[in-house]
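**Student:** The structure under discussion is supplied below as structure tokens; questions concerning it will follow.
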Amino acid sequence: MPEPSGVDTTVFAAAFALYTLAIVAIGIYSARFAKRSDEDYFLAGRSLGSWVAALSASASSESGWVTLGLVGWAFTSGVQAYWIIPGCLLGFLFNWFVVAGRMRDHSIKLGALTIPDFFAFHYKERAPLLRTLSVIVILVAMTLYVAAQLAAAGKAFAISFNGVDYRLGVLIGAAVVLVYTVIGGFRAVCWTDFLQALLMVGTLVVFPIYLLATQGGYGFIAEQLRGVDPALLSFTPEKSGIAFFGFLLGSGALGINFGYPGQPHVLIRFMALKDRRAAKLGGIISFAWGLCVYWGAVTVGLMARAITAGGAEWGQQLMTGENSELGLVLSAMHLLPGVLAGFVLAAVLAAICSTADSQLVVAASAAASDLYARLFRQAGEKSSMLVNRMVVLAIGVVAVLLVIDEEVKVYDYVLTYGWAILGASFGPQLILLLLWKRASYAGCLMGMLTGFAVAVIWKLTYVPTPGPDGVEVYNLPLAFTAALIVNVFVSLAIPATRSASADG
């Protein structure tokens, strides 16, 4: 790729390297404060305040699909990408004001350290069927999710640095995340995610405002997009009836909300809150952060498309293949000084790291604490911690292998695989556990199995109806609804007999 005009690539690289070293250093430093116990490694000693919990939870849920995928979605689909704002923020509100406080209190009552713990202890499971299924779901979904983050890293590095190809970028991204995650555990993840969330929101507020101020504002966007395709200025696609309903419940609109109550890397923050009051302030902080980040990502994508339509040569790179997902990086490299462009790339990596590290910790805790330590009760704490770190490395390696030979579309890969599988498998079961006293062990088990199976099978077999009036059915709402219905019916047919009651 030719060197961007006006950008000192040495300064660009130095700014990015400074950020990377700072994040790794903070992660390693935080390990000094660990008490070397399972509760500290997995839940940071249940000591998270509102700000750290809210920002780390938000950053961990909004991964490279925001800084790359959502920017690319806005670039190709136009202003209808703004539907993602209510599509995500409703989920934020439900999680923080309905789920968080209840889950924090009940997890302490149960003595649960992980999501499989939470389900198994609540239903007083004897044979580890629900625990094992939970671990399988987490390992499958998290590996796919982490793979998508590493693919995003590969794309960002390849477009930013001459001589760094996609594969090397994947390896660099994996190395950065694995170093501090293996050493520091959940505490390191929360500290680094907190800072990465600040960098993300700063970038996705300041940069789009700068673009609007210097390029002609929304008037410039409207003028340029109208010349390309007036449909890019429509907030709703030209669909009606069932087809429009399918759009509303799609991954680009309200359908994404169904995933929020089922993301273990977010839910674990609720279990780690220092008190229930922290959930209320955390909800306000998280909502404000999400509003800024989603608006900024969509606006950058629209501006990149408008500048491309205006004749910018560098913008032509975004028109081929999946390169539209690189709109934020390329815009920054060509429109900002080197040091600022370097920090924009750092924000992209921050989004990637803040999700991948959280998912690695959750997946490792599922394997080490929920399977190894339970099956081998003679295993000491040091042995479990060793297994934990080995699982982190193993998932990182598998994730790299999944994407090393093929670039994937981050937006689709995250929302239709990792996000959908977790949301449908855990979301309905958690909601019923917390809010419905008649939810039973059998209902939870069958509901979780249904959500997992429907999400995977639908994604692999469903072919959307072609044409402007075609119906596209997002696998997450479908699988979520199926799991909820199955859980309710099975719970009524096979009532709870030994279930603990959740505190409301």
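Chain labels follow the order of the structure tokens: the first chain is A, the next B, and so on; residue numbering restarts at 1 in every chain, and ligands are counted from 1 in their shown order.
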For A:Gly250, please output as a VMD selection string all residues within 10 Å (counting only C-alpha atoms; exclusion window: fewer than 3 positions along the same chain).
**Tutor:** chain A and resid 84 87 244 to 247 253 to 257 472 to 477
**Student:** Tell me, as a list in words, which residues lie within 8 Å of stretch 136-145 of chain A, counting only C-alpha atoms; anything in the same chain fewer than 3 positions away does not count.
**Tutor:** Thr132, Leu133, Ala148, Gln149, Pro264, Ala356, Gln359, Leu360, Val362, Ala363, Ala366, Ala367, Ile395, Gly396, Val398, Ala399, Tyr413, Val414, Tyr417, Gly418, Trp419, Ile421, Leu422, Ser425 and Phe452 of chain A
**Student:** For the residues in that selection, give me N, CA and C atoms as an mmCIF file, in the first residue's frame.
**Tutor:**
```cif
data_model
loop_
_atom_site.group_PDB
_atom_site.id
_atom_site.type_symbol
_atom_site.label_atom_id
_atom_site.label_comp_id
_atom_site.auth_asym_id
_atom_site.auth_seq_id
_atom_site.Cartn_x
_atom_site.Cartn_y
_atom_site.Cartn_z
ATOM 1 N N THR A 132 -21.592 -29.131 32.165
ATOM 2 C CA THR A 132 -20.812 -29.558 30.997
ATOM 3 C C THR A 132 -21.324 -28.894 29.723
ATOM 4 N N LEU A 133 -22.650 -28.823 29.564
ATOM 5 C CA LEU A 133 -23.217 -28.167 28.385
ATOM 6 C C LEU A 133 -22.832 -26.694 28.364
ATOM 7 N N ALA A 148 -12.660 -14.086 15.440
ATOM 8 C CA ALA A 148 -13.105 -12.895 14.720
ATOM 9 C C ALA A 148 -12.298 -11.669 15.136
ATOM 10 N N GLN A 149 -11.955 -11.572 16.431
ATOM 11 C CA GLN A 149 -11.160 -10.435 16.897
ATOM 12 C C GLN A 149 -9.757 -10.462 16.291
ATOM 13 N N PRO A 264 -21.340 -14.250 28.614
ATOM 14 C CA PRO A 264 -20.626 -14.514 29.871
ATOM 15 C C PRO A 264 -19.544 -13.494 30.193
ATOM 16 N N ALA A 356 -11.430 -9.833 23.249
ATOM 17 C CA ALA A 356 -10.705 -11.106 23.208
ATOM 18 C C ALA A 356 -10.172 -11.500 24.577
ATOM 19 N N GLN A 359 -13.021 -12.769 26.829
ATOM 20 C CA GLN A 359 -13.523 -14.070 26.395
ATOM 21 C C GLN A 359 -12.536 -15.180 26.720
ATOM 22 N N LEU A 360 -11.261 -14.894 26.628
ATOM 23 C CA LEU A 360 -10.253 -15.894 26.977
ATOM 24 C C LEU A 360 -10.321 -16.248 28.455
ATOM 25 N N VAL A 362 -12.966 -15.987 30.466
ATOM 26 C CA VAL A 362 -14.205 -16.724 30.722
ATOM 27 C C VAL A 362 -14.090 -18.163 30.227
ATOM 28 N N ALA A 363 -13.553 -18.336 29.023
ATOM 29 C CA ALA A 363 -13.413 -19.682 28.474
ATOM 30 C C ALA A 363 -12.448 -20.520 29.303
ATOM 31 N N ALA A 366 -14.050 -21.611 32.498
ATOM 32 C CA ALA A 366 -15.004 -22.691 32.268
ATOM 33 C C ALA A 366 -14.298 -24.036 32.213
ATOM 34 N N ALA A 367 -13.170 -24.075 31.519
ATOM 35 C CA ALA A 367 -12.438 -25.341 31.392
ATOM 36 C C ALA A 367 -11.717 -25.716 32.675
ATOM 37 N N ILE A 395 -6.804 -21.835 23.360
ATOM 38 C CA ILE A 395 -7.867 -21.158 22.612
ATOM 39 C C ILE A 395 -7.273 -20.107 21.684
ATOM 40 N N GLY A 396 -6.258 -19.404 22.162
ATOM 41 C CA GLY A 396 -5.593 -18.433 21.300
ATOM 42 C C GLY A 396 -5.013 -19.074 20.060
ATOM 43 N N VAL A 398 -5.940 -22.004 18.634
ATOM 44 C CA VAL A 398 -7.031 -22.476 17.767
ATOM 45 C C VAL A 398 -7.678 -21.316 17.027
ATOM 46 N N ALA A 399 -7.890 -20.195 17.730
ATOM 47 C CA ALA A 399 -8.487 -19.020 17.101
ATOM 48 C C ALA A 399 -7.616 -18.510 15.955
ATOM 49 N N TYR A 413 -19.314 -12.465 11.300
ATOM 50 C CA TYR A 413 -18.710 -13.569 12.056
ATOM 51 C C TYR A 413 -19.008 -13.430 13.549
ATOM 52 N N VAL A 414 -18.974 -12.203 14.046
ATOM 53 C CA VAL A 414 -19.255 -11.978 15.461
ATOM 54 C C VAL A 414 -20.734 -12.148 15.762
ATOM 55 N N TYR A 417 -22.346 -15.798 14.802
ATOM 56 C CA TYR A 417 -21.756 -16.973 15.433
ATOM 57 C C TYR A 417 -21.601 -16.741 16.937
ATOM 58 N N GLY A 418 -20.534 -16.070 17.350
ATOM 59 C CA GLY A 418 -20.255 -15.918 18.770
ATOM 60 C C GLY A 418 -21.395 -15.274 19.544
ATOM 61 N N TRP A 419 -21.832 -14.110 19.134
ATOM 62 C CA TRP A 419 -22.873 -13.369 19.838
ATOM 63 C C TRP A 419 -24.193 -14.144 19.855
ATOM 64 N N ILE A 421 -24.792 -17.444 19.370
ATOM 65 C CA ILE A 421 -24.736 -18.706 20.118
ATOM 66 C C ILE A 421 -24.834 -18.448 21.614
ATOM 67 N N LEU A 422 -24.067 -17.506 22.112
ATOM 68 C CA LEU A 422 -24.081 -17.197 23.545
ATOM 69 C C LEU A 422 -25.415 -16.597 23.968
ATOM 70 N N SER A 425 -28.171 -19.326 23.922
ATOM 71 C CA SER A 425 -27.934 -20.429 24.861
ATOM 72 C C SER A 425 -28.131 -20.002 26.304
ATOM 73 N N PHE A 452 -28.601 -23.300 21.669
ATOM 74 C CA PHE A 452 -27.322 -23.601 21.028
ATOM 75 C C PHE A 452 -27.530 -24.265 19.671
#
```
**Student:** Could you check the closest approach to A:Ala222 for each of A:Ala156, A:Ala25, A:Ala347, A:Leu302 and tell me which residue wins, using only C-alpha atoms?
**Tutor:** A:Leu302
**Student:** Would you mind telling me which residue in A:Thr416, A:Asn95, A:Thr481, A:Asn487 lies nearest to A:Ala279 when using only C-alpha atoms?
**Tutor:** A:Asn95
**Student:** Within stretch 40-201 of chain A, find each residue whose DSSP state, derived from the backbone, is alpha helix (DSSP H), and express the selection as a PyMOL selection string.
**Tutor:** chain A and resi 40-43+50-61+64+71-77+84-94+101-110+115-122+129-160+166-201
**Student:** For A:Ile352, work out the shell of residues within 9 Å, counting only C-alpha atoms and skipping chain neighbours fewer than 2 positions away, then give it as a PyMOL selection string.
**Tutor:** chain A and resi 60+62-65+67+146+148-150+152-153+173+177+347-350+354-357
**Student:** Using only C-alpha atoms, which of the listed residues (A:Tyr260, A:Trp51, A:Tyr441, A:Trp314) sits closest to A:Val99?
**Tutor:** A:Tyr260
**Student:** Between A:Ala22, A:Met200, A:Leu326, A:Leu435, single out the one closest to A:Val344, counting only C-alpha atoms.
**Tutor:**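 With only C-alpha atoms as the atom set, the closest residue is A:Met200.
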**Student:** Show which residues sit within 8 Å of A:Trp96, as a short mmCIF file (atom, residue, chain, number, x, y, z; two decimals) with C-alpha atoms, in the first residue's frame. Count only C-alpha atoms, and ignore same-chain residues fewer than 2 positions away.
**Tutor:**
```cif
data_model
loop_
_atom_site.label_atom_id
_atom_site.label_comp_id
_atom_site.auth_asym_id
_atom_site.auth_seq_id
_atom_site.Cartn_x
_atom_site.Cartn_y
_atom_site.Cartn_z
CA PHE A 92 -27.51 -2.22 27.81
CA LEU A 93 -30.44 -0.93 29.86
CA PHE A 94 -31.98 -4.36 30.41
CA VAL A 98 -32.79 -5.79 35.42
CA VAL A 99 -30.02 -8.39 35.43
CA ALA A 100 -26.92 -6.90 37.08
CA GLY A 101 -28.04 -6.34 40.68
CA ALA A 279 -25.21 -1.48 39.06
CA LYS A 280 -27.40 1.64 38.81
CA GLY A 282 -22.90 1.49 35.99
CA GLY A 283 -26.00 1.40 33.82
#
```
**Student:** Rounded to one decimal in Å, what is the spacing between atom CA of A:His334 and atom CA of A:Asp165?
**Tutor:**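 Separation of atom CA of A:His334 and atom CA of A:Asp165: 19.8 Å.
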**Student:** What's the 9 Å shell around A:Trp295, counting only C-alpha atoms, without same-chain residues fewer than 5 positions away, as a list of chain:residue names?
**Tutor:**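 Final neighbour list, sorted by chain and number: A:Tyr82, A:Ile84, A:Ile85, A:Leu204, A:Val205, A:Pro208, A:Gly290, A:Val300.
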**Student:** Keeping N, CA and C atoms for every residue in the selection just given, could you write it to a file as a short mmCIF file (atom, residue, chain, number, x, y, z; two decimals), in the first residue's frame?
**Tutor:**
```cif
data_model
loop_
_atom_site.label_atom_id
_atom_site.label_comp_id
_atom_site.auth_asym_id
_atom_site.auth_seq_id
_atom_site.Cartn_x
_atom_site.Cartn_y
_atom_site.Cartn_z
N TYR A 82 -27.76 3.57 11.59
CA TYR A 82 -28.05 4.20 12.88
C TYR A 82 -29.06 3.39 13.70
N ILE A 84 -28.56 0.65 14.71
CA ILE A 84 -27.78 -0.12 15.68
C ILE A 84 -27.80 0.54 17.06
N ILE A 85 -28.08 1.85 17.11
CA ILE A 85 -28.07 2.54 18.41
C ILE A 85 -29.18 2.02 19.32
N LEU A 204 -13.93 7.65 18.98
CA LEU A 204 -15.19 7.61 18.23
C LEU A 204 -16.12 8.77 18.56
N VAL A 205 -15.65 9.73 19.32
CA VAL A 205 -16.36 11.00 19.49
C VAL A 205 -15.58 12.12 18.83
N PRO A 208 -15.08 11.62 14.57
CA PRO A 208 -16.22 11.97 13.72
C PRO A 208 -16.61 13.44 13.81
N GLY A 290 -22.07 3.75 25.28
CA GLY A 290 -22.56 3.09 24.08
C GLY A 290 -23.13 4.07 23.07
N VAL A 300 -18.49 7.82 11.16
CA VAL A 300 -17.22 7.67 10.43
C VAL A 300 -17.44 6.86 9.15
#
```
**Student:** Smallest atom-to-atom distance to A:Arg104: which of A:Leu434, A:Leu198, A:Leu291, A:Leu402, using only C-alpha atoms?
**Tutor:** A:Leu434
**Student:** Which residues come within 12 Å of A:Phe220, counting only C-alpha atoms, excluding same-chain residues fewer than 5 positions away, as a ChimeraX atom specification?
**Tutor:** /A:211-215,225-227,302-310
**Student:** Under the rule that only C-alpha atoms are counted, which of A:Asp229, A:Ser369, A:Lys109, A:Pro495 is the nearest residue to A:Phe121?
**Tutor:**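 Result for the nearest residue to A:Phe121: A:Lys109.
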**Student:** Just how far from atom CA of A:Ser358 is atom CA of A:Ser50, in Å to one decimal?
**Tutor:**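 Calculated distance between atom CA of A:Ser50 and atom CA of A:Ser358 is 17.6 Å.
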